[in-house]
>>> print(open('data.pdb').read())   # PDB, C-alpha atoms, pLDDT in the B column
MODEL        1
ATOM      1  CA  MET A   1       0.000   0.000   0.000  1.00 48.00           C
ATOM      2  CA  THR A   2       1.279   3.453  -0.858  1.00 50.00           C
ATOM      3  CA  GLU A   3       0.012   6.420   1.092  1.00 47.00           C
ATOM      4  CA  GLN A   4       0.285  10.101   0.401  1.00 48.00           C
ATOM      5  CA  PRO A   5       0.475  12.513   3.375  1.00 47.00           C
ATOM      6  CA  HIS A   6      -2.877  13.747   4.623  1.00 45.00           C
ATOM      7  CA  THR A   7      -4.583  15.354   7.557  1.00 43.00           C
ATOM      8  CA  MET A   8      -6.737  13.191   9.802  1.00 45.00           C
ATOM      9  CA  THR A   9     -10.100  14.904   9.312  1.00 49.00           C
ATOM     10  CA  ALA A  10     -13.311  13.140   8.417  1.00 62.00           C
ATOM     11  CA  GLY A  11     -14.416  13.283   4.827  1.00 81.00           C
ATOM     12  CA  VAL A  12     -15.360  11.133   1.898  1.00 91.00           C
ATOM     13  CA  SER A  13     -13.383   8.752  -0.251  1.00 90.00           C
ATOM     14  CA  VAL A  14     -13.471   8.335  -3.986  1.00 93.00           C
ATOM     15  CA  LEU A  15     -12.915   4.607  -4.416  1.00 92.00           C
ATOM     16  CA  ILE A  16     -11.473   3.738  -7.809  1.00 94.00           C
ATOM     17  CA  ARG A  17     -10.836   0.272  -9.177  1.00 94.00           C
ATOM     18  CA  HIS A  18      -8.757  -0.324 -12.269  1.00 94.00           C
ATOM     19  CA  ARG A  19      -8.070  -3.723 -13.768  1.00 93.00           C
ATOM     20  CA  VAL A  20      -4.896  -3.092 -15.755  1.00 94.00           C
ATOM     21  CA  ARG A  21      -3.713  -4.973 -18.821  1.00 91.00           C
ATOM     22  CA  PRO A  22      -0.636  -6.987 -17.736  1.00 89.00           C
ATOM     23  CA  GLN A  23       1.512  -5.585 -20.556  1.00 91.00           C
ATOM     24  CA  ALA A  24       0.607  -2.007 -19.542  1.00 91.00           C
ATOM     25  CA  LEU A  25       1.496  -2.123 -15.822  1.00 90.00           C
ATOM     26  CA  GLY A  26       4.559   0.140 -16.156  1.00 91.00           C
ATOM     27  CA  ASP A  27       2.733   2.737 -18.239  1.00 94.00           C
ATOM     28  CA  TYR A  28      -0.228   2.599 -15.856  1.00 95.00           C
ATOM     29  CA  GLU A  29       2.019   3.237 -12.822  1.00 94.00           C
ATOM     30  CA  HIS A  30       3.470   6.314 -14.569  1.00 95.00           C
ATOM     31  CA  TRP A  31      -0.057   7.505 -15.429  1.00 96.00           C
ATOM     32  CA  LEU A  32      -1.199   6.891 -11.832  1.00 96.00           C
ATOM     33  CA  ARG A  33       1.576   9.087 -10.395  1.00 95.00           C
ATOM     34  CA  LYS A  34       0.542  11.874 -12.771  1.00 95.00           C
ATOM     35  CA  THR A  35      -3.119  11.434 -11.791  1.00 95.00           C
ATOM     36  CA  ILE A  36      -2.297  11.616  -8.072  1.00 94.00           C
ATOM     37  CA  ASP A  37      -0.431  14.874  -8.629  1.00 95.00           C
ATOM     38  CA  VAL A  38      -3.405  16.353 -10.500  1.00 95.00           C
ATOM     39  CA  ALA A  39      -5.864  15.233  -7.783  1.00 95.00           C
ATOM     40  CA  ALA A  40      -3.680  16.822  -5.100  1.00 95.00           C
ATOM     41  CA  GLY A  41      -4.294  20.212  -6.703  1.00 96.00           C
ATOM     42  CA  PHE A  42      -8.059  20.014  -6.142  1.00 96.00           C
ATOM     43  CA  SER A  43      -9.807  21.778  -3.283  1.00 95.00           C
ATOM     44  CA  GLY A  44     -10.460  19.574  -0.259  1.00 94.00           C
ATOM     45  CA  HIS A  45      -7.938  16.898  -1.254  1.00 95.00           C
ATOM     46  CA  GLN A  46      -6.759  15.049   1.865  1.00 93.00           C
ATOM     47  CA  GLY A  47      -4.589  12.277   0.484  1.00 91.00           C
ATOM     48  CA  VAL A  48      -4.485   9.041  -1.460  1.00 92.00           C
ATOM     49  CA  ASN A  49      -4.118   5.372  -0.586  1.00 90.00           C
ATOM     50  CA  ILE A  50      -3.077   2.991  -3.347  1.00 91.00           C
ATOM     51  CA  PHE A  51      -3.520  -0.735  -2.927  1.00 90.00           C
ATOM     52  CA  LYS A  52      -1.347  -2.363  -5.548  1.00 89.00           C
ATOM     53  CA  PRO A  53      -2.256  -5.767  -6.935  1.00 86.00           C
ATOM     54  CA  THR A  54      -1.121  -8.918  -5.235  1.00 79.00           C
ATOM     55  CA  CYS A  55       0.529 -11.744  -7.119  1.00 72.00           C
ATOM     56  CA  GLY A  56      -1.665 -12.998  -9.917  1.00 73.00           C
ATOM     57  CA  HIS A  57      -3.807  -9.870 -10.041  1.00 84.00           C
ATOM     58  CA  THR A  58      -3.737  -6.665 -12.020  1.00 89.00           C
ATOM     59  CA  GLN A  59      -6.386  -4.740 -10.075  1.00 91.00           C
ATOM     60  CA  TYR A  60      -5.427  -1.457  -8.428  1.00 93.00           C
ATOM     61  CA  ASP A  61      -7.672  -0.064  -5.693  1.00 92.00           C
ATOM     62  CA  ILE A  62      -7.253   3.652  -5.094  1.00 93.00           C
ATOM     63  CA  ALA A  63      -8.904   5.703  -2.348  1.00 91.00           C
ATOM     64  CA  VAL A  64      -8.699   9.460  -2.925  1.00 93.00           C
ATOM     65  CA  ARG A  65      -9.903  11.333   0.157  1.00 92.00           C
ATOM     66  CA  PHE A  66     -11.656  14.707   0.089  1.00 94.00           C
ATOM     67  CA  ALA A  67     -13.029  16.919   2.841  1.00 92.00           C
ATOM     68  CA  SER A  68     -16.592  16.889   1.483  1.00 92.00           C
ATOM     69  CA  GLN A  69     -18.948  15.128  -0.890  1.00 92.00           C
ATOM     70  CA  ALA A  70     -19.078  18.208  -3.136  1.00 94.00           C
ATOM     71  CA  GLU A  71     -15.277  18.383  -3.426  1.00 95.00           C
ATOM     72  CA  ALA A  72     -15.081  14.653  -4.180  1.00 94.00           C
ATOM     73  CA  GLU A  73     -17.728  15.007  -6.899  1.00 95.00           C
ATOM     74  CA  ALA A  74     -15.907  18.027  -8.326  1.00 96.00           C
ATOM     75  CA  TRP A  75     -12.777  15.879  -8.780  1.00 94.00           C
ATOM     76  CA  VAL A  76     -14.674  12.909 -10.239  1.00 95.00           C
ATOM     77  CA  GLN A  77     -16.530  15.087 -12.759  1.00 96.00           C
ATOM     78  CA  SER A  78     -13.627  17.400 -13.583  1.00 96.00           C
ATOM     79  CA  ARG A  79     -12.334  17.875 -17.113  1.00 97.00           C
ATOM     80  CA  GLU A  80      -8.843  17.080 -15.855  1.00 96.00           C
ATOM     81  CA  ARG A  81      -9.880  13.670 -14.544  1.00 96.00           C
ATOM     82  CA  GLN A  82     -11.916  12.888 -17.665  1.00 96.00           C
ATOM     83  CA  ALA A  83      -8.873  13.653 -19.833  1.00 96.00           C
ATOM     84  CA  LEU A  84      -6.709  11.413 -17.645  1.00 96.00           C
ATOM     85  CA  ILE A  85      -9.240   8.561 -17.881  1.00 95.00           C
ATOM     86  CA  GLU A  86      -9.335   8.884 -21.669  1.00 95.00           C
ATOM     87  CA  GLU A  87      -5.535   8.692 -21.664  1.00 95.00           C
ATOM     88  CA  ALA A  88      -5.625   5.520 -19.527  1.00 94.00           C
ATOM     89  CA  GLU A  89      -8.345   3.646 -21.448  1.00 93.00           C
ATOM     90  CA  HIS A  90      -5.865   1.545 -23.420  1.00 92.00           C
ATOM     91  CA  TYR A  91      -4.120   0.509 -20.162  1.00 94.00           C
ATOM     92  CA  LEU A  92      -7.346  -0.857 -18.650  1.00 95.00           C
ATOM     93  CA  GLU A  93      -9.031  -4.218 -19.219  1.00 91.00           C
ATOM     94  CA  LEU A  94     -12.336  -2.915 -17.831  1.00 90.00           C
ATOM     95  CA  PRO A  95     -13.847   0.568 -17.676  1.00 90.00           C
ATOM     96  CA  ASP A  96     -12.984   2.852 -14.771  1.00 89.00           C
ATOM     97  CA  GLN A  97     -15.050   1.902 -11.661  1.00 92.00           C
ATOM     98  CA  VAL A  98     -15.718   4.808  -9.301  1.00 93.00           C
ATOM     99  CA  GLU A  99     -17.702   5.021  -6.076  1.00 91.00           C
ATOM    100  CA  ILE A 100     -17.930   7.896  -3.611  1.00 89.00           C
ATOM    101  CA  SER A 101     -18.228   6.686  -0.042  1.00 85.00           C
ATOM    102  CA  SER A 102     -18.231   8.172   3.421  1.00 78.00           C
ATOM    103  CA  GLY A 103     -17.812   6.393   6.709  1.00 64.00           C
ATOM    104  CA  ILE A 104     -15.989   3.156   7.340  1.00 59.00           C
ATOM    105  CA  ASP A 105     -18.053   0.813   5.164  1.00 56.00           C
ATOM    106  CA  ASN A 106     -15.448   0.772   2.408  1.00 54.00           C
ATOM    107  CA  TRP A 107     -12.748  -0.357   4.847  1.00 52.00           C
ATOM    108  CA  PHE A 108     -14.267  -3.828   4.913  1.00 51.00           C
ATOM    109  CA  GLN A 109     -14.643  -4.457   1.201  1.00 54.00           C
ATOM    110  CA  PRO A 110     -12.271  -7.052  -0.240  1.00 53.00           C
ATOM    111  CA  LEU A 111      -9.794  -5.270  -2.462  1.00 50.00           C
ATOM    112  CA  ASN A 112      -8.553  -8.022  -4.718  1.00 51.00           C
ATOM    113  CA  PRO A 113     -10.754 -11.072  -4.990  1.00 55.00           C
ATOM    114  CA  PRO A 114      -8.867 -14.348  -4.948  1.00 57.00           C
ATOM    115  CA  PRO A 115      -7.795 -15.427  -8.426  1.00 62.00           C
ATOM    116  CA  LYS A 116     -10.213 -17.778 -10.098  1.00 72.00           C
ATOM    117  CA  GLN A 117      -8.867 -21.310 -10.138  1.00 82.00           C
ATOM    118  CA  PRO A 118      -9.725 -23.805 -12.849  1.00 86.00           C
ATOM    119  CA  THR A 119     -11.791 -26.765 -11.728  1.00 91.00           C
ATOM    120  CA  ARG A 120      -9.768 -29.690 -10.413  1.00 93.00           C
ATOM    121  CA  TRP A 121     -10.805 -32.056 -13.199  1.00 96.00           C
ATOM    122  CA  LYS A 122      -9.551 -29.618 -15.845  1.00 95.00           C
ATOM    123  CA  GLN A 123      -6.230 -29.235 -14.019  1.00 94.00           C
ATOM    124  CA  TRP A 124      -5.965 -33.027 -13.789  1.00 96.00           C
ATOM    125  CA  LEU A 125      -6.844 -33.509 -17.461  1.00 97.00           C
ATOM    126  CA  VAL A 126      -4.370 -30.934 -18.793  1.00 96.00           C
ATOM    127  CA  THR A 127      -1.549 -32.094 -16.509  1.00 96.00           C
ATOM    128  CA  SER A 128      -2.173 -35.767 -17.326  1.00 97.00           C
ATOM    129  CA  LEU A 129      -2.185 -35.124 -21.068  1.00 97.00           C
ATOM    130  CA  VAL A 130       1.033 -33.110 -20.918  1.00 97.00           C
ATOM    131  CA  ILE A 131       2.837 -35.684 -18.772  1.00 97.00           C
ATOM    132  CA  TRP A 132       1.490 -38.572 -20.884  1.00 98.00           C
ATOM    133  CA  VAL A 133       2.940 -37.053 -24.053  1.00 98.00           C
ATOM    134  CA  LEU A 134       6.257 -36.209 -22.395  1.00 98.00           C
ATOM    135  CA  THR A 135       6.651 -39.723 -20.927  1.00 98.00           C
ATOM    136  CA  MET A 136       6.396 -41.072 -24.462  1.00 98.00           C
ATOM    137  CA  VAL A 137       8.864 -38.544 -25.906  1.00 98.00           C
ATOM    138  CA  VAL A 138      11.524 -37.855 -23.258  1.00 98.00           C
ATOM    139  CA  PRO A 139      12.820 -41.390 -22.455  1.00 98.00           C
ATOM    140  CA  PRO A 140      13.529 -42.272 -26.110  1.00 98.00           C
ATOM    141  CA  VAL A 141      15.231 -38.885 -26.590  1.00 98.00           C
ATOM    142  CA  LEU A 142      17.434 -39.530 -23.528  1.00 98.00           C
ATOM    143  CA  SER A 143      18.166 -43.139 -24.545  1.00 97.00           C
ATOM    144  CA  PRO A 144      21.382 -42.258 -26.464  1.00 97.00           C
ATOM    145  CA  LEU A 145      22.707 -40.494 -23.348  1.00 96.00           C
ATOM    146  CA  PHE A 146      22.000 -43.580 -21.232  1.00 96.00           C
ATOM    147  CA  GLU A 147      23.807 -45.756 -23.794  1.00 96.00           C
ATOM    148  CA  GLN A 148      26.856 -43.453 -23.958  1.00 97.00           C
ATOM    149  CA  VAL A 149      27.156 -43.103 -20.175  1.00 96.00           C
ATOM    150  CA  PRO A 150      26.216 -46.559 -18.783  1.00 96.00           C
ATOM    151  CA  PRO A 151      26.006 -45.513 -15.090  1.00 96.00           C
ATOM    152  CA  LEU A 152      23.222 -43.062 -16.037  1.00 95.00           C
ATOM    153  CA  GLY A 153      21.311 -45.917 -17.671  1.00 93.00           C
ATOM    154  CA  LEU A 154      21.062 -47.950 -14.465  1.00 96.00           C
ATOM    155  CA  TRP A 155      17.576 -48.812 -13.263  1.00 95.00           C
ATOM    156  CA  GLY A 156      16.326 -45.997 -11.016  1.00 96.00           C
ATOM    157  CA  ILE A 157      18.917 -43.467 -12.161  1.00 97.00           C
ATOM    158  CA  ARG A 158      17.547 -43.245 -15.707  1.00 97.00           C
ATOM    159  CA  HIS A 159      14.031 -42.964 -14.257  1.00 97.00           C
ATOM    160  CA  ALA A 160      15.096 -40.134 -11.938  1.00 97.00           C
ATOM    161  CA  ILE A 161      16.764 -38.284 -14.824  1.00 98.00           C
ATOM    162  CA  SER A 162      13.728 -38.790 -17.081  1.00 98.00           C
ATOM    163  CA  ALA A 163      11.357 -37.656 -14.321  1.00 97.00           C
ATOM    164  CA  GLY A 164      13.496 -34.569 -13.635  1.00 97.00           C
ATOM    165  CA  VAL A 165      13.563 -33.620 -17.319  1.00 98.00           C
ATOM    166  CA  ILE A 166       9.801 -34.165 -17.657  1.00 97.00           C
ATOM    167  CA  VAL A 167       9.002 -32.074 -14.560  1.00 96.00           C
ATOM    168  CA  ALA A 168      11.335 -29.281 -15.730  1.00 96.00           C
ATOM    169  CA  LEU A 169       9.686 -29.265 -19.157  1.00 97.00           C
ATOM    170  CA  VAL A 170       6.200 -29.189 -17.604  1.00 96.00           C
ATOM    171  CA  ILE A 171       7.016 -26.356 -15.187  1.00 91.00           C
ATOM    172  CA  TYR A 172       9.280 -24.142 -17.271  1.00 89.00           C
ATOM    173  CA  LEU A 173       8.364 -24.771 -20.881  1.00 93.00           C
ATOM    174  CA  VAL A 174       5.054 -26.484 -21.568  1.00 95.00           C
ATOM    175  CA  MET A 175       2.577 -25.176 -18.973  1.00 93.00           C
ATOM    176  CA  PRO A 176       3.579 -21.482 -19.159  1.00 88.00           C
ATOM    177  CA  ARG A 177       2.897 -21.616 -22.909  1.00 89.00           C
ATOM    178  CA  LEU A 178      -0.087 -23.976 -22.875  1.00 92.00           C
ATOM    179  CA  VAL A 179      -2.217 -22.485 -20.084  1.00 88.00           C
ATOM    180  CA  PRO A 180      -2.643 -19.017 -21.691  1.00 82.00           C
ATOM    181  CA  ARG A 181      -3.641 -20.694 -24.968  1.00 87.00           C
ATOM    182  CA  ILE A 182      -6.373 -22.773 -23.323  1.00 89.00           C
ATOM    183  CA  ALA A 183      -7.369 -20.230 -20.636  1.00 83.00           C
ATOM    184  CA  HIS A 184     -10.729 -19.524 -22.307  1.00 82.00           C
ATOM    185  CA  TRP A 185     -11.687 -23.178 -21.682  1.00 90.00           C
ATOM    186  CA  LEU A 186      -9.693 -23.763 -18.501  1.00 87.00           C
ATOM    187  CA  TYR A 187     -11.197 -20.899 -16.484  1.00 79.00           C
ATOM    188  CA  ARG A 188     -14.741 -21.327 -17.780  1.00 81.00           C
TER
ENDMDL
END
>>> encode(input="data.pdb", output="structure tokens")
Amino acid sequence: MTEQPHTMTAGVSVLIRHRVRPQALGDYEHWLRKTIDVAAGFSGHQGVNIFKPTCGHTQYDIAVRFASQAEAEAWVQSRERQALIEEAEHYLELPDQVEISSGIDNWFQPLNPPPKQPTRWKQWLVTSLVIWVLTMVVPPVLSPLFEQVPPLGLWGIRHAISAGVIVALVIYLVMPRLVPRIAHWLYR
């Protein structure tokens, strides 16, 4: 969480949620700093809290505090903010979500929902298919190595080497490329 200095008087918060495109995170952060500076110039501004996304998320939750409802609405409806939102549209996956809130109700809202997990049977199916294919491909590919270096071809050792290669391929090569390609089905 990043916090800008503020006075501790009661007021209202403009709660803003932005789901940012993963490839635009750096540009969005630059835009956000500029936006915070512009907001600070508005009457009644009392500070900003930024809740950055946790691992696996791209949602930013921003609370911009103002002394009154009228001052908060003036910022939300200002030409300056509208121009900034237009500038940020190509960074965002979803439209700008804004809510003006007073009191402590917004303190208890979950900021980043837990990431959606694929159903267990889909995880099992994809993992089984990937490992099935690799167990048919990797041992024959490693066979020349086991023949050239006989101690590596001993029962148990060759299995450990094959298993290590298969697991490395699954974790570092296959799944990172496969999951995004089948995400539309996997997360349905």
>>> residues_around(input="data.pdb", residues="A:Arg120", least_positions_apart="6", cutoff="12 Å", atoms="all atoms listed in the file", output="PyMOL selection string")
chain A and resi 126-128+186-187
>>> resolve_selection(input="data.pdb", expression="the PyMOL selection byres ((chain A and resi 165) around 12)", output="ChimeraX atom specification")
/A:131,134-135,137-139,141-142,158-164,166-174
>>> residues_around(input="data.pdb", residues="stretch 12-14 of chain A", least_positions_apart="3", cutoff="8 Å", atoms="all atoms listed in the file", output="list of chain:residue names")
A:Ile62, A:Ala63, A:Val64, A:Arg65, A:Phe66, A:Ala67, A:Ser68, A:Gln69, A:Ala72, A:Val76, A:Val98, A:Glu99, A:Ile100, A:Ser101, A:Ser102, A:Gly103
>>> resolve_selection(input="data.pdb", expression="the PyMOL selection byres ((chain A and resi 59) around 7)", output="VMD selection string")
chain A and resid 17 to 20 53 57 to 58 60 to 61 112
>>> resolve_selection(input="data.pdb", expression="the PyMOL selection byres ((chain A and resi 34) around 12)", output="MDAnalysis selection string")
chainID A and resid 27:33 35:41 80:81 83:85 87:88
>>> closest_residue(input="data.pdb", among="A:Cys55, A:Phe146, A:Leu15, A:Arg188", to="A:Asp96", atoms="all atoms listed in the file")
A:Leu15
>>> atom_distance(input="data.pdb", atom1="atom CA of A:Lys116", atom2="atom CA of A:Ala183")
11.2 Å
>>> closest_residue(input="data.pdb", among="A:Arg177, A:Ser43, A:Leu125, A:Ile157", to="A:Glu73", atoms="all atoms listed in the file")
A:Ser43
>>> atom_distance(input="data.pdb", atom1="atom CA of A:Leu25", atom2="atom CA of A:Ala74")
27.7 Å
>>> closest_residue(input="data.pdb", among="A:Glu89, A:Gly11, A:Trp185, A:Gly156", to="A:Thr119", atoms="only C-alpha atoms")
A:Trp185
>>> atom_distance(input="data.pdb", atom1="atom CA of A:Gln23", atom2="atom CA of A:Gln117")
21.5 Å
>>> axis_aligned_box(input="data.pdb", around="stretch 43-54 of chain A", padding_each_side="8 Å", output="JSON")
{"center_x": -5.8, "center_y": 6.4, "center_z": -2.5, "size_x": 25.3, "size_y": 46.7, "size_z": 24.8}
>>> closest_residue(input="data.pdb", among="A:Met136, A:Phe51, A:Gln123, A:His45", to="A:Ile16", atoms="only C-alpha atoms")
A:Phe51
>>> decode(input="data.pdb", residues="stretch 33-106 of chain A", atoms="C-alpha atoms", output="compact mmCIF listing (two decimals), in the first residue's frame")
# COMPACT_ATOMS: atom_id res chain seq x y z
CA ARG A 33 1.58 9.09 -10.40
CA LYS A 34 0.54 11.87 -12.77
CA THR A 35 -3.12 11.43 -11.79
CA ILE A 36 -2.30 11.62 -8.07
CA ASP A 37 -0.43 14.87 -8.63
CA VAL A 38 -3.40 16.35 -10.50
CA ALA A 39 -5.86 15.23 -7.78
CA ALA A 40 -3.68 16.82 -5.10
CA GLY A 41 -4.29 20.21 -6.70
CA PHE A 42 -8.06 20.01 -6.14
CA SER A 43 -9.81 21.78 -3.28
CA GLY A 44 -10.46 19.57 -0.26
CA HIS A 45 -7.94 16.90 -1.25
CA GLN A 46 -6.76 15.05 1.86
CA GLY A 47 -4.59 12.28 0.48
CA VAL A 48 -4.48 9.04 -1.46
CA ASN A 49 -4.12 5.37 -0.59
CA ILE A 50 -3.08 2.99 -3.35
CA PHE A 51 -3.52 -0.73 -2.93
CA LYS A 52 -1.35 -2.36 -5.55
CA PRO A 53 -2.26 -5.77 -6.94
CA THR A 54 -1.12 -8.92 -5.24
CA CYS A 55 0.53 -11.74 -7.12
CA GLY A 56 -1.66 -13.00 -9.92
CA HIS A 57 -3.81 -9.87 -10.04
CA THR A 58 -3.74 -6.66 -12.02
CA GLN A 59 -6.39 -4.74 -10.07
CA TYR A 60 -5.43 -1.46 -8.43
CA ASP A 61 -7.67 -0.06 -5.69
CA ILE A 62 -7.25 3.65 -5.09
CA ALA A 63 -8.90 5.70 -2.35
CA VAL A 64 -8.70 9.46 -2.92
CA ARG A 65 -9.90 11.33 0.16
CA PHE A 66 -11.66 14.71 0.09
CA ALA A 67 -13.03 16.92 2.84
CA SER A 68 -16.59 16.89 1.48
CA GLN A 69 -18.95 15.13 -0.89
CA ALA A 70 -19.08 18.21 -3.14
CA GLU A 71 -15.28 18.38 -3.43
CA ALA A 72 -15.08 14.65 -4.18
CA GLU A 73 -17.73 15.01 -6.90
CA ALA A 74 -15.91 18.03 -8.33
CA TRP A 75 -12.78 15.88 -8.78
CA VAL A 76 -14.67 12.91 -10.24
CA GLN A 77 -16.53 15.09 -12.76
CA SER A 78 -13.63 17.40 -13.58
CA ARG A 79 -12.33 17.87 -17.11
CA GLU A 80 -8.84 17.08 -15.86
CA ARG A 81 -9.88 13.67 -14.54
CA GLN A 82 -11.92 12.89 -17.66
CA ALA A 83 -8.87 13.65 -19.83
CA LEU A 84 -6.71 11.41 -17.64
CA ILE A 85 -9.24 8.56 -17.88
CA GLU A 86 -9.34 8.88 -21.67
CA GLU A 87 -5.54 8.69 -21.66
CA ALA A 88 -5.62 5.52 -19.53
CA GLU A 89 -8.34 3.65 -21.45
CA HIS A 90 -5.87 1.54 -23.42
CA TYR A 91 -4.12 0.51 -20.16
CA LEU A 92 -7.35 -0.86 -18.65
CA GLU A 93 -9.03 -4.22 -19.22
CA LEU A 94 -12.34 -2.91 -17.83
CA PRO A 95 -13.85 0.57 -17.68
CA ASP A 96 -12.98 2.85 -14.77
CA GLN A 97 -15.05 1.90 -11.66
CA VAL A 98 -15.72 4.81 -9.30
CA GLU A 99 -17.70 5.02 -6.08
CA ILE A 100 -17.93 7.90 -3.61
CA SER A 101 -18.23 6.69 -0.04
CA SER A 102 -18.23 8.17 3.42
CA GLY A 103 -17.81 6.39 6.71
CA ILE A 104 -15.99 3.16 7.34
CA ASP A 105 -18.05 0.81 5.16
CA ASN A 106 -15.45 0.77 2.41
